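Structure file structure30.pdb (PDB, C-alpha atoms) follows.
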MODEL        1
ATOM      1  CA  MET H   1     -19.676  26.870 -15.248
ATOM      2  CA  SER H   2     -22.442  28.010 -12.882
ATOM      3  CA  PRO H   3     -22.070  27.864  -9.074
ATOM      4  CA  VAL H   4     -25.055  25.512  -8.907
ATOM      5  CA  TRP H   5     -23.408  23.036 -11.280
ATOM      6  CA  ASN H   6     -20.148  23.218  -9.335
ATOM      7  CA  GLN H   7     -22.017  22.440  -6.124
ATOM      8  CA  LEU H   8     -23.761  19.464  -7.744
ATOM      9  CA  ARG H   9     -20.424  18.108  -8.960
ATOM     10  CA  LYS H  10     -18.956  18.374  -5.460
ATOM     11  CA  ARG H  11     -21.942  16.571  -3.960
ATOM     12  CA  LEU H  12     -21.751  13.811  -6.581
ATOM     13  CA  LYS H  13     -18.042  13.342  -5.929
ATOM     14  CA  LEU H  14     -18.642  13.156  -2.166
ATOM     15  CA  TYR H  15     -21.487  10.673  -2.696
ATOM     16  CA  LYS H  16     -19.254   8.421  -4.803
ATOM     17  CA  LYS H  17     -16.483   8.586  -2.216
ATOM     18  CA  LYS H  18     -18.904   7.570   0.524
ATOM     19  CA  LYS H  19     -20.019   4.576  -1.550
ATOM     20  CA  SER H  20     -16.471   3.448  -2.336
ATOM     21  CA  ILE H  21     -15.373   0.393  -0.367
ATOM     22  CA  LEU H  22     -11.731   1.504  -0.612
ATOM     23  CA  GLU H  23     -10.503   5.072  -0.218
ATOM     24  CA  THR H  24      -9.729   6.659  -3.589
ATOM     25  CA  LEU H  25      -8.568  10.008  -4.896
ATOM     26  CA  GLY H  26     -10.329   9.400  -8.195
ATOM     27  CA  HIS H  27     -13.955   9.885  -9.208
ATOM     28  CA  LYS H  28     -14.786   6.199  -9.594
ATOM     29  CA  ALA H  29     -15.918   4.259  -6.529
ATOM     30  CA  ILE H  30     -14.457   0.832  -5.769
ATOM     31  CA  LYS H  31     -17.146  -1.806  -5.381
ATOM     32  CA  GLU H  32     -17.001  -4.520  -2.756
ATOM     33  CA  LYS H  33     -16.558  -7.291  -5.327
ATOM     34  CA  GLN H  34     -13.586  -5.416  -6.822
ATOM     35  CA  ALA H  35     -12.025  -4.999  -3.385
ATOM     36  CA  ARG H  36     -12.487  -8.711  -2.681
ATOM     37  CA  ALA H  37     -10.879  -9.565  -6.015
ATOM     38  CA  LEU H  38      -7.912  -7.369  -5.031
ATOM     39  CA  LEU H  39      -7.661  -9.161  -1.680
ATOM     40  CA  GLN H  40      -7.536 -12.492  -3.472
ATOM     41  CA  CYS H  41      -4.756 -11.125  -5.690
ATOM     42  CA  VAL H  42      -2.781 -10.130  -2.600
ATOM     43  CA  SER H  43      -3.340 -13.580  -1.069
ATOM     44  CA  TYR H  44      -2.204 -15.300  -4.281
ATOM     45  CA  LEU H  45       0.894 -13.111  -4.554
ATOM     46  CA  THR H  46       1.777 -13.702  -0.894
ATOM     47  CA  ASP H  47       1.614 -17.448  -1.533
ATOM     48  CA  ASN H  48       3.904 -17.010  -4.558
ATOM     49  CA  ILE H  49       6.131 -14.266  -3.162
ATOM     50  CA  SER H  50       9.417 -15.937  -4.151
ATOM     51  CA  PHE H  51       8.464 -16.132  -7.831
ATOM     52  CA  PHE H  52      11.296 -14.476  -9.723
ATOM     53  CA  GLY H  53      10.432 -11.142 -11.375
ATOM     54  CA  LEU H  54       7.435 -10.323  -9.191
ATOM     55  CA  PHE H  55       6.522  -6.622  -9.648
ATOM     56  CA  LEU H  56       9.523  -6.307 -11.989
ATOM     57  CA  SER H  57       8.529  -8.167 -15.147
ATOM     58  CA  THR H  58       5.203  -7.853 -16.948
ATOM     59  CA  GLY H  59       5.189 -11.397 -18.274
ATOM     60  CA  SER H  60       2.484 -11.961 -20.858
ATOM     61  CA  LEU H  61       0.650  -8.736 -21.707
ATOM     62  CA  GLU H  62      -2.349 -10.776 -22.805
ATOM     63  CA  HIS H  63      -2.588 -12.489 -19.419
ATOM     64  CA  LEU H  64      -1.969  -9.176 -17.665
ATOM     65  CA  ASP H  65      -4.911  -7.547 -19.452
ATOM     66  CA  ARG H  66      -7.163 -10.505 -18.698
ATOM     67  CA  ILE H  67      -6.319 -10.397 -15.001
ATOM     68  CA  TYR H  68      -6.860  -6.634 -14.900
ATOM     69  CA  ASN H  69     -10.295  -7.081 -16.483
ATOM     70  CA  LYS H  70     -11.106  -9.818 -13.957
ATOM     71  CA  ILE H  71     -10.288  -7.413 -11.116
ATOM     72  CA  GLU H  72     -12.342  -4.700 -12.811
ATOM     73  CA  SER H  73     -15.347  -7.009 -13.052
ATOM     74  CA  GLY H  74     -14.884  -8.251  -9.484
ATOM     75  CA  HIS H  75     -14.373 -11.896 -10.375
ATOM     76  CA  VAL H  76     -15.606 -13.965  -7.429
ATOM     77  CA  GLN H  77     -13.165 -16.867  -7.796
ATOM     78  CA  MET H  78     -10.116 -14.702  -8.449
ATOM     79  CA  TYR H  79      -7.650 -16.838  -6.487
ATOM     80  CA  ASP H  80      -8.699 -20.040  -8.277
ATOM     81  CA  TYR H  81      -8.454 -18.294 -11.649
ATOM     82  CA  LEU H  82      -4.919 -17.073 -10.872
ATOM     83  CA  GLU H  83      -3.843 -20.554  -9.780
ATOM     84  CA  GLN H  84      -5.143 -22.030 -13.028
ATOM     85  CA  GLN H  85      -3.326 -19.387 -15.072
ATOM     86  CA  SER H  86      -0.094 -19.671 -13.022
ATOM     87  CA  ALA H  87       0.730 -16.015 -13.656
ATOM     88  CA  PRO H  88       2.178 -14.335 -10.524
ATOM     89  CA  ARG H  89       4.104 -11.680 -12.487
ATOM     90  CA  GLU H  90       1.067 -10.713 -14.529
ATOM     91  CA  CYS H  91      -1.088 -10.642 -11.385
ATOM     92  CA  ALA H  92       1.349  -8.331  -9.598
ATOM     93  CA  MET H  93       1.458  -5.889 -12.506
ATOM     94  CA  ALA H  94      -2.315  -5.997 -13.052
ATOM     95  CA  MET H  95      -3.003  -5.351  -9.383
ATOM     96  CA  HIS H  96      -0.650  -2.361  -9.242
ATOM     97  CA  ARG H  97      -2.097  -1.029 -12.491
ATOM     98  CA  PHE H  98      -5.595  -1.225 -11.014
ATOM     99  CA  ILE H  99      -4.463   0.543  -7.831
ATOM    100  CA  ARG H 100      -2.778   3.336  -9.809
ATOM    101  CA  THR H 101      -5.565   3.693 -12.389
ATOM    102  CA  HIS H 102      -8.243   4.056  -9.723
ATOM    103  CA  LYS H 103      -5.957   6.081  -7.432
ATOM    104  CA  ILE H 104      -6.672   3.794  -4.496
ATOM    105  CA  SER H 105      -5.300   5.147  -1.244
ATOM    106  CA  ILE H 106      -3.978   2.137   0.660
ATOM    107  CA  LEU H 107      -3.077   4.263   3.693
ATOM    108  CA  PRO H 108      -5.277   6.888   5.394
ATOM    109  CA  GLU H 109      -4.652  10.512   4.494
ATOM    110  CA  ARG H 110      -2.841  11.454   7.701
ATOM    111  CA  ALA H 111      -0.445   8.532   7.315
ATOM    112  CA  LEU H 112       0.311   9.576   3.723
ATOM    113  CA  ASN H 113       0.896  13.165   4.814
ATOM    114  CA  LEU H 114       3.295  11.934   7.498
ATOM    115  CA  LEU H 115       5.283   9.857   5.005
ATOM    116  CA  CYS H 116       5.404  12.736   2.512
ATOM    117  CA  ALA H 117       6.496  15.326   5.085
ATOM    118  CA  ARG H 118      10.070  16.575   5.384
ATOM    119  CA  ASN H 119      10.998  14.458   8.368
ATOM    120  CA  PHE H 120      14.621  15.583   8.530
ATOM    121  CA  GLY H 121      16.387  14.266  11.615
ATOM    122  CA  ILE H 122      13.521  11.977  12.591
ATOM    123  CA  PRO H 123      14.373   8.252  12.504
ATOM    124  CA  GLN H 124      12.550   6.452   9.713
ATOM    125  CA  ARG H 125      11.475   3.717  12.116
ATOM    126  CA  LEU H 126       9.698   6.298  14.248
ATOM    127  CA  VAL H 127       7.950   7.717  11.167
ATOM    128  CA  ALA H 128       6.947   4.211  10.054
ATOM    129  CA  LEU H 129       5.613   3.180  13.467
ATOM    130  CA  ASP H 130       3.626   6.404  13.686
ATOM    131  CA  ALA H 131       2.129   5.739  10.228
ATOM    132  CA  LEU H 132       1.243   2.159  11.207
ATOM    133  CA  ASN H 133      -0.386   3.474  14.377
ATOM    134  CA  LEU H 134      -2.462   5.926  12.332
ATOM    135  CA  LEU H 135      -3.526   3.075  10.058
ATOM    136  CA  GLN H 136      -4.488   1.037  13.113
ATOM    137  CA  HIS H 137      -6.745   3.806  14.470
ATOM    138  CA  GLU H 138      -8.121   5.402  11.296
ATOM    139  CA  SER H 139      -8.965   2.447   9.044
ATOM    140  CA  SER H 140     -11.652  -0.177   9.417
ATOM    141  CA  GLY H 141     -13.586  -2.750   7.433
ATOM    142  CA  MET H 142     -12.351  -3.543   3.939
ATOM    143  CA  ARG H 143      -9.947  -0.572   3.940
ATOM    144  CA  TRP H 144      -8.186  -2.004   6.979
ATOM    145  CA  GLN H 145      -8.193  -5.536   5.545
ATOM    146  CA  PHE H 146      -6.667  -4.464   2.256
ATOM    147  CA  ALA H 147      -4.031  -2.178   3.805
ATOM    148  CA  ARG H 148      -2.998  -4.879   6.284
ATOM    149  CA  ALA H 149      -2.850  -7.590   3.599
ATOM    150  CA  TYR H 150      -0.859  -5.374   1.212
ATOM    151  CA  LEU H 151       1.703  -4.363   3.846
ATOM    152  CA  LEU H 152       2.162  -7.963   5.040
ATOM    153  CA  MET H 153       2.602  -9.078   1.424
ATOM    154  CA  MET H 154       5.280  -6.420   0.962
ATOM    155  CA  GLN H 155       6.932  -7.581   4.181
ATOM    156  CA  GLN H 156       7.227 -11.072   2.716
ATOM    157  CA  LEU H 157       8.498  -9.659  -0.590
ATOM    158  CA  THR H 158      11.154  -7.721   1.356
ATOM    159  CA  LEU H 159      12.236 -10.733   3.394
ATOM    160  CA  ARG H 160      11.871 -13.584   0.903
ATOM    161  CA  GLY H 161      11.503 -12.186  -2.599
ATOM    162  CA  TYR H 162      13.889 -12.263  -5.579
ATOM    163  CA  LEU H 163      16.614 -14.496  -4.176
ATOM    164  CA  THR H 164      18.164 -17.356  -6.101
ATOM    165  CA  PRO H 165      20.913 -19.426  -4.421
ATOM    166  CA  HIS H 166      23.803 -17.327  -5.801
ATOM    167  CA  GLU H 167      22.303 -13.851  -5.479
ATOM    168  CA  ILE H 168      23.109 -11.068  -3.034
ATOM    169  CA  ARG H 169      19.992  -9.619  -1.429
ATOM    170  CA  ILE H 170      19.071  -6.187  -2.743
ATOM    171  CA  VAL H 171      15.936  -4.750  -1.182
ATOM    172  CA  ILE H 172      13.891  -2.956  -3.818
ATOM    173  CA  SER H 173      10.361  -3.609  -2.559
ATOM    174  CA  PRO H 174       9.856  -0.033  -1.231
ATOM    175  CA  TYR H 175      10.785   1.473  -4.601
ATOM    176  CA  LEU H 176       8.357  -0.870  -6.354
ATOM    177  CA  ALA H 177       5.582   0.102  -3.940
ATOM    178  CA  VAL H 178       6.018   3.900  -4.065
ATOM    179  CA  PRO H 179       3.796   4.485  -7.157
ATOM    180  CA  ALA H 180       1.000   2.390  -5.613
ATOM    181  CA  MET H 181       1.318   3.772  -2.091
ATOM    182  CA  PHE H 182       1.228   7.461  -3.020
ATOM    183  CA  PRO H 183      -1.759   7.984  -5.360
ATOM    184  CA  GLY H 184      -2.173  11.385  -6.956
ATOM    185  CA  ARG H 185       1.221  12.543  -5.686
ATOM    186  CA  SER H 186       4.601  12.915  -7.340
ATOM    187  CA  SER H 187       6.133   9.487  -6.800
ATOM    188  CA  LEU H 188       9.587  10.731  -7.746
ATOM    189  CA  HIS H 189       9.546  13.600  -5.257
ATOM    190  CA  ASN H 190      11.601  12.728  -2.178
ATOM    191  CA  VAL H 191      11.556   9.090  -3.279
ATOM    192  CA  ALA H 192      14.559   8.060  -1.156
ATOM    193  CA  SER H 193      12.933   9.265   2.066
ATOM    194  CA  LYS H 194       9.574   7.703   1.159
ATOM    195  CA  SER H 195      11.231   4.392   0.328
ATOM    196  CA  ALA H 196      13.210   4.350   3.573
ATOM    197  CA  ALA H 197      10.025   4.915   5.583
ATOM    198  CA  LEU H 198       8.143   2.285   3.563
ATOM    199  CA  LEU H 199      10.911  -0.230   4.190
ATOM    200  CA  GLU H 200      10.488   0.268   7.939
ATOM    201  CA  MET H 201       6.707  -0.026   7.548
ATOM    202  CA  PHE H 202       7.078  -3.318   5.693
ATOM    203  CA  LEU H 203       9.514  -4.722   8.255
ATOM    204  CA  ASN H 204       7.174  -3.802  11.117
ATOM    205  CA  ALA H 205       3.869  -4.617   9.389
ATOM    206  CA  HIS H 206       3.311  -7.671  11.613
ATOM    207  CA  LEU H 207       2.782  -5.268  14.540
ATOM    208  CA  LEU H 208      -0.611  -4.415  13.016
ATOM    209  CA  ASP H 209      -1.787  -7.717  14.503
ATOM    210  CA  ASP H 210      -0.426  -6.745  17.925
ATOM    211  CA  PRO H 211      -1.661  -3.194  18.713
ATOM    212  CA  GLN H 212      -0.272  -3.267  22.257
ATOM    213  CA  THR H 213       3.259  -4.012  21.075
ATOM    214  CA  LEU H 214       2.931  -1.456  18.260
ATOM    215  CA  SER H 215       1.943   1.217  20.789
ATOM    216  CA  ALA H 216       4.816   0.226  23.090
ATOM    217  CA  GLU H 217       7.380   0.302  20.266
ATOM    218  CA  LEU H 218       6.118   3.709  19.131
ATOM    219  CA  ALA H 219       6.384   5.077  22.677
ATOM    220  CA  LYS H 220       9.909   3.643  23.072
ATOM    221  CA  GLU H 221      11.122   5.143  19.777
ATOM    222  CA  THR H 222       9.561   8.506  20.677
ATOM    223  CA  VAL H 223      11.376   8.601  24.035
ATOM    224  CA  LYS H 224      14.695   7.644  22.385
ATOM    225  CA  PHE H 225      14.284  10.410  19.811
ATOM    226  CA  ARG H 226      13.425  13.040  22.431
ATOM    227  CA  LEU H 227      16.431  12.108  24.570
ATOM    228  CA  ARG H 228      18.748  12.272  21.587
ATOM    229  CA  TRP H 229      17.264  15.604  20.536
ATOM    230  CA  ARG H 230      17.885  17.055  23.989
ATOM    231  CA  ARG H 231      21.488  15.862  23.971
ATOM    232  CA  MET H 232      22.071  17.431  20.573
ATOM    233  CA  ASN H 233      20.207  20.638  21.430
ATOM    234  CA  PRO H 234      21.050  21.512  25.046
ATOM    235  CA  PRO H 235      19.248  24.518  26.591
TER     236      PRO H 235
ENDMDL
END
Would you encode the structure as structure tokens?
Amino acid sequence: MSPVWNQLRKRLKLYKKKKSILETLGHKAIKEKQARALLQCVSYLTDNISFFGLFLSTGSLEHLDRIYNKIESGHVQMYDYLEQQSAPRECAMAMHRFIRTHKISILPERALNLLCARNFGIPQRLVALDALNLLQHESSGMRWQFARAYLLMMQQLTLRGYLTPHEIRIVISPYLAVPAMFPGRSSLHNVASKSAALLEMFLNAHLLDDPQTLSAELAKETVKFRLRWRRMNPP
């Protein structure tokens, strides 16, 4: 392949990325109507977060495919359609399939790199707060709206999902989110560490609506870590 053709391909890829409403690692840009359909899916799932089997069971494959195609086409009345179909499980699976298929990056690159790094000895809450702070400062517009909505949905899934009156709570939301949160990366690599950091992100996602408190909590955790490090590593 000629150097000229390679350069044209790079420019085309960059042009598509600039046009994409959501950050992606794939070649296909996400249109605004698709992003809004995804937001409506998140809103619908948040309202039905206690539905048993959410993100675990596929439900009807026929309904799943229909919902996926509705997201793909950017259906304007997505929330109303989902309410009529009464298909939370299918919606959850279709949404995650769309995110994975299009390699949508919910978090900014630096936040993903932080979560994927070998953060041995660093408290997961500190890692999570740092990632949330990066999201706060490096995302805007629809990318910010979708990331915020997704993380708050996962917070509700963590706190309220799956339980029936006789069940013991087992938190699996981070493991369910790993394939969607780390596009184009090996989801199984260092999955325990990623899931632990994601759990802390979900539990602290509400701080995205309170930047001052988020900054204060990050500063407090940083000071605590530095003091502990000095005690463990005296000069």
Exercise. Would you please work out which residue, of H:Glu217, H:Glu200, H:Glu32, H:Asp130, is nearest to Glu72 in chain H when using all atoms listed in the file?
Key: H:Glu32
Quiz item: Which residues match the PyMOL selection byres ((chain H and resi 211) around 12) in the file above, as a list in words?
Solution: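 Going through the file, the PyMOL selection byres ((chain H and resi 211) around 12) ends up selecting Leu129, Leu132, Asn133, Leu134, Leu135, Gln136, His137, Asn204, Ala205, His206, Leu207, Leu208, Asp209, Asp210, Gln212, Thr213, Leu214, Ser215, Ala216, Glu217 and Leu218 of chain H.
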Could you produce a table of the residues of range 76-146 of chain H lying within 12 Å of range 36-58 of chain H, with the nearest pair of atoms per residue and their separation in Å rounded to one decimal, using all atoms listed in the file, ordered by chain and increasing residue number, as JSON lines?
{"residue": "H:Val76", "atom": "CA", "partner": "H:Ala37", "partner_atom": "CA", "distance": 6.6}
{"residue": "H:Gln77", "atom": "CA", "partner": "H:Ala37", "partner_atom": "CA", "distance": 7.9}
{"residue": "H:Met78", "atom": "CA", "partner": "H:Ala37", "partner_atom": "CA", "distance": 5.7}
{"residue": "H:Tyr79", "atom": "CA", "partner": "H:Gln40", "partner_atom": "CA", "distance": 5.3}
{"residue": "H:Asp80", "atom": "CA", "partner": "H:Tyr44", "partner_atom": "CA", "distance": 9.0}
{"residue": "H:Tyr81", "atom": "CA", "partner": "H:Cys41", "partner_atom": "CA", "distance": 10.0}
{"residue": "H:Leu82", "atom": "CA", "partner": "H:Tyr44", "partner_atom": "CA", "distance": 7.3}
{"residue": "H:Glu83", "atom": "CA", "partner": "H:Tyr44", "partner_atom": "CA", "distance": 7.8}
{"residue": "H:Gln84", "atom": "CA", "partner": "H:Tyr44", "partner_atom": "CA", "distance": 11.4}
{"residue": "H:Gln85", "atom": "CA", "partner": "H:Tyr44", "partner_atom": "CA", "distance": 11.6}
{"residue": "H:Ser86", "atom": "CA", "partner": "H:Asn48", "partner_atom": "CA", "distance": 9.7}
{"residue": "H:Ala87", "atom": "CA", "partner": "H:Leu45", "partner_atom": "CA", "distance": 9.6}
{"residue": "H:Pro88", "atom": "CA", "partner": "H:Leu45", "partner_atom": "CA", "distance": 6.2}
{"residue": "H:Arg89", "atom": "CA", "partner": "H:Leu54", "partner_atom": "CA", "distance": 4.9}
{"residue": "H:Glu90", "atom": "CA", "partner": "H:Thr58", "partner_atom": "CA", "distance": 5.6}
{"residue": "H:Cys91", "atom": "CA", "partner": "H:Cys41", "partner_atom": "CA", "distance": 6.8}
{"residue": "H:Ala92", "atom": "CA", "partner": "H:Phe55", "partner_atom": "CA", "distance": 5.4}
{"residue": "H:Met93", "atom": "CA", "partner": "H:Phe55", "partner_atom": "CA", "distance": 5.9}
{"residue": "H:Ala94", "atom": "CA", "partner": "H:Thr58", "partner_atom": "CA", "distance": 8.7}
{"residue": "H:Met95", "atom": "CA", "partner": "H:Leu38", "partner_atom": "CA", "distance": 6.9}
{"residue": "H:His96", "atom": "CA", "partner": "H:Phe55", "partner_atom": "CA", "distance": 8.4}
{"residue": "H:Arg97", "atom": "CA", "partner": "H:Phe55", "partner_atom": "CA", "distance": 10.7}
{"residue": "H:Phe98", "atom": "CA", "partner": "H:Leu38", "partner_atom": "CA", "distance": 8.9}
{"residue": "H:Ile99", "atom": "CA", "partner": "H:Leu38", "partner_atom": "CA", "distance": 9.1}
{"residue": "H:Ile104", "atom": "CA", "partner": "H:Leu38", "partner_atom": "CA", "distance": 11.2}
{"residue": "H:Ile106", "atom": "CA", "partner": "H:Leu38", "partner_atom": "CA", "distance": 11.8}
{"residue": "H:Gly141", "atom": "CA", "partner": "H:Arg36", "partner_atom": "CA", "distance": 11.8}
{"residue": "H:Met142", "atom": "CA", "partner": "H:Arg36", "partner_atom": "CA", "distance": 8.4}
{"residue": "H:Arg143", "atom": "CA", "partner": "H:Leu39", "partner_atom": "CA", "distance": 10.5}
{"residue": "H:Trp144", "atom": "CA", "partner": "H:Leu39", "partner_atom": "CA", "distance": 11.2}
{"residue": "H:Gln145", "atom": "CA", "partner": "H:Leu39", "partner_atom": "CA", "distance": 8.1}
{"residue": "H:Phe146", "atom": "CA", "partner": "H:Leu39", "partner_atom": "CA", "distance": 6.2}
Quiz prompt | Spatial neighbours of Val191 in chain H, 12 Å, all atoms listed in the file, chain gap at least 5 places, as a list in words | solution =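 These residues fall inside the cut-off: Leu115, Cys116, Ala117, Arg118, Pro174, Tyr175, Leu176, Ala177, Val178, Pro179, Met181, Phe182, Arg185, Ser186, Ala196, Ala197, Leu198 and Leu199 of chain H.
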Quiz prompt | Neighbour list for Trp229 in chain H as number ranges by chain, cut-off 10 Å, only C-alpha atoms, skip fewer than 5 positions in-chain | solution = H: 121-122, 223-224, 234
Quiz item: Quick one: residues within 10 Å of Ser73 in chain H, only C-alpha atoms counted, chain neighbours fewer than 6 positions away excluded, as a ChimeraX atom specification?
Solution: /H:31,33-34,37,67
Practice problem: Name the closest residue to Ala180 in chain H among the candidates H:Lys103, H:Ile30, H:Gly161, H:Thr222; distances are taken between atoms, counting all atoms listed in the file. | Solution: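 Closest to Ala180 in chain H, using all atoms listed in the file: H:Lys103.
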Quiz item: Mind pulling up the distance from CA of Arg110 in chain H to CA of Gly26 in chain H?
Solution: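 The value is 17.7 Å.
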Practice problem: Output the residue selection produced by the PyMOL selection byres ((chain H and resi 151) around 9) on the file above, formatted as a ChimeraX atom specification. | Solution: /H:146-150,152-156,201-203,205-206
Written selection (C-alpha atoms) as a PDB file, in the coordinates of the input:
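File selection_8.pdb, as written:
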ATOM      1  CA  PHE H 146      -6.667  -4.464   2.256  1.00  0.00           C
ATOM      2  CA  ALA H 147      -4.031  -2.178   3.805  1.00  0.00           C
ATOM      3  CA  ARG H 148      -2.998  -4.879   6.284  1.00  0.00           C
ATOM      4  CA  ALA H 149      -2.850  -7.590   3.599  1.00  0.00           C
ATOM      5  CA  TYR H 150      -0.859  -5.374   1.212  1.00  0.00           C
ATOM      6  CA  LEU H 152       2.162  -7.963   5.040  1.00  0.00           C
ATOM      7  CA  MET H 153       2.602  -9.078   1.424  1.00  0.00           C
ATOM      8  CA  MET H 154       5.280  -6.420   0.962  1.00  0.00           C
ATOM      9  CA  GLN H 155       6.932  -7.581   4.181  1.00  0.00           C
ATOM     10  CA  GLN H 156       7.227 -11.072   2.716  1.00  0.00           C
ATOM     11  CA  MET H 201       6.707  -0.026   7.548  1.00  0.00           C
ATOM     12  CA  PHE H 202       7.078  -3.318   5.693  1.00  0.00           C
ATOM     13  CA  LEU H 203       9.514  -4.722   8.255  1.00  0.00           C
ATOM     14  CA  ALA H 205       3.869  -4.617   9.389  1.00  0.00           C
ATOM     15  CA  HIS H 206       3.311  -7.671  11.613  1.00  0.00           C
TER      16      HIS H 206
END
Reconstructed range 49-63 of chain H, atom set N, CA, C and O atoms, as a PDB file, in the coordinates of the input:
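Output file part-v7.pdb follows:
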ATOM      1  N   ILE H  49       5.295 -15.455  -3.321  1.00  0.00           N
ATOM      2  CA  ILE H  49       6.131 -14.266  -3.162  1.00  0.00           C
ATOM      3  C   ILE H  49       7.564 -14.459  -3.644  1.00  0.00           C
ATOM      4  O   ILE H  49       8.255 -13.481  -3.960  1.00  0.00           O
ATOM      5  N   SER H  50       8.043 -15.687  -3.719  1.00  0.00           N
ATOM      6  CA  SER H  50       9.417 -15.937  -4.151  1.00  0.00           C
ATOM      7  C   SER H  50       9.535 -16.128  -5.663  1.00  0.00           C
ATOM      8  O   SER H  50      10.628 -16.401  -6.164  1.00  0.00           O
ATOM      9  N   PHE H  51       8.434 -15.976  -6.368  1.00  0.00           N
ATOM     10  CA  PHE H  51       8.464 -16.132  -7.831  1.00  0.00           C
ATOM     11  C   PHE H  51       9.348 -15.045  -8.427  1.00  0.00           C
ATOM     12  O   PHE H  51       9.145 -13.851  -8.189  1.00  0.00           O
ATOM     13  N   PHE H  52      10.321 -15.439  -9.214  1.00  0.00           N
ATOM     14  CA  PHE H  52      11.296 -14.476  -9.723  1.00  0.00           C
ATOM     15  C   PHE H  52      10.635 -13.483 -10.690  1.00  0.00           C
ATOM     16  O   PHE H  52       9.870 -13.862 -11.569  1.00  0.00           O
ATOM     17  N   GLY H  53      10.951 -12.193 -10.497  1.00  0.00           N
ATOM     18  CA  GLY H  53      10.432 -11.142 -11.375  1.00  0.00           C
ATOM     19  C   GLY H  53       9.145 -10.509 -10.911  1.00  0.00           C
ATOM     20  O   GLY H  53       8.574  -9.667 -11.605  1.00  0.00           O
ATOM     21  N   LEU H  54       8.686 -10.874  -9.713  1.00  0.00           N
ATOM     22  CA  LEU H  54       7.435 -10.323  -9.191  1.00  0.00           C
ATOM     23  C   LEU H  54       7.536  -8.800  -9.044  1.00  0.00           C
ATOM     24  O   LEU H  54       8.482  -8.290  -8.440  1.00  0.00           O
ATOM     25  N   PHE H  55       6.582  -8.078  -9.636  1.00  0.00           N
ATOM     26  CA  PHE H  55       6.522  -6.622  -9.648  1.00  0.00           C
ATOM     27  C   PHE H  55       7.642  -5.981 -10.488  1.00  0.00           C
ATOM     28  O   PHE H  55       7.764  -4.762 -10.528  1.00  0.00           O
ATOM     29  N   LEU H  56       8.440  -6.819 -11.145  1.00  0.00           N
ATOM     30  CA  LEU H  56       9.523  -6.307 -11.989  1.00  0.00           C
ATOM     31  C   LEU H  56       9.270  -6.570 -13.470  1.00  0.00           C
ATOM     32  O   LEU H  56       9.547  -5.720 -14.315  1.00  0.00           O
ATOM     33  N   SER H  57       8.759  -7.760 -13.762  1.00  0.00           N
ATOM     34  CA  SER H  57       8.529  -8.167 -15.147  1.00  0.00           C
ATOM     35  C   SER H  57       7.037  -8.267 -15.420  1.00  0.00           C
ATOM     36  O   SER H  57       6.273  -8.736 -14.570  1.00  0.00           O
ATOM     37  N   THR H  58       6.631  -7.834 -16.605  1.00  0.00           N
ATOM     38  CA  THR H  58       5.203  -7.853 -16.948  1.00  0.00           C
ATOM     39  C   THR H  58       4.720  -9.237 -17.320  1.00  0.00           C
ATOM     40  O   THR H  58       3.541  -9.548 -17.174  1.00  0.00           O
ATOM     41  N   GLY H  59       5.635 -10.096 -17.804  1.00  0.00           N
ATOM     42  CA  GLY H  59       5.189 -11.397 -18.274  1.00  0.00           C
ATOM     43  C   GLY H  59       4.393 -11.252 -19.557  1.00  0.00           C
ATOM     44  O   GLY H  59       4.693 -10.416 -20.413  1.00  0.00           O
ATOM     45  N   SER H  60       3.338 -12.010 -19.671  1.00  0.00           N
ATOM     46  CA  SER H  60       2.484 -11.961 -20.858  1.00  0.00           C
ATOM     47  C   SER H  60       1.504 -10.790 -20.754  1.00  0.00           C
ATOM     48  O   SER H  60       0.716 -10.716 -19.817  1.00  0.00           O
ATOM     49  N   LEU H  61       1.560  -9.892 -21.723  1.00  0.00           N
ATOM     50  CA  LEU H  61       0.650  -8.736 -21.707  1.00  0.00           C
ATOM     51  C   LEU H  61      -0.797  -9.175 -21.875  1.00  0.00           C
ATOM     52  O   LEU H  61      -1.712  -8.553 -21.322  1.00  0.00           O
ATOM     53  N   GLU H  62      -0.991 -10.259 -22.613  1.00  0.00           N
ATOM     54  CA  GLU H  62      -2.349 -10.776 -22.805  1.00  0.00           C
ATOM     55  C   GLU H  62      -2.928 -11.261 -21.477  1.00  0.00           C
ATOM     56  O   GLU H  62      -4.069 -10.932 -21.120  1.00  0.00           O
ATOM     57  N   HIS H  63      -2.131 -12.024 -20.727  1.00  0.00           N
ATOM     58  CA  HIS H  63      -2.588 -12.489 -19.419  1.00  0.00           C
ATOM     59  C   HIS H  63      -2.780 -11.319 -18.459  1.00  0.00           C
ATOM     60  O   HIS H  63      -3.726 -11.301 -17.661  1.00  0.00           O
TER      61      HIS H  63
END
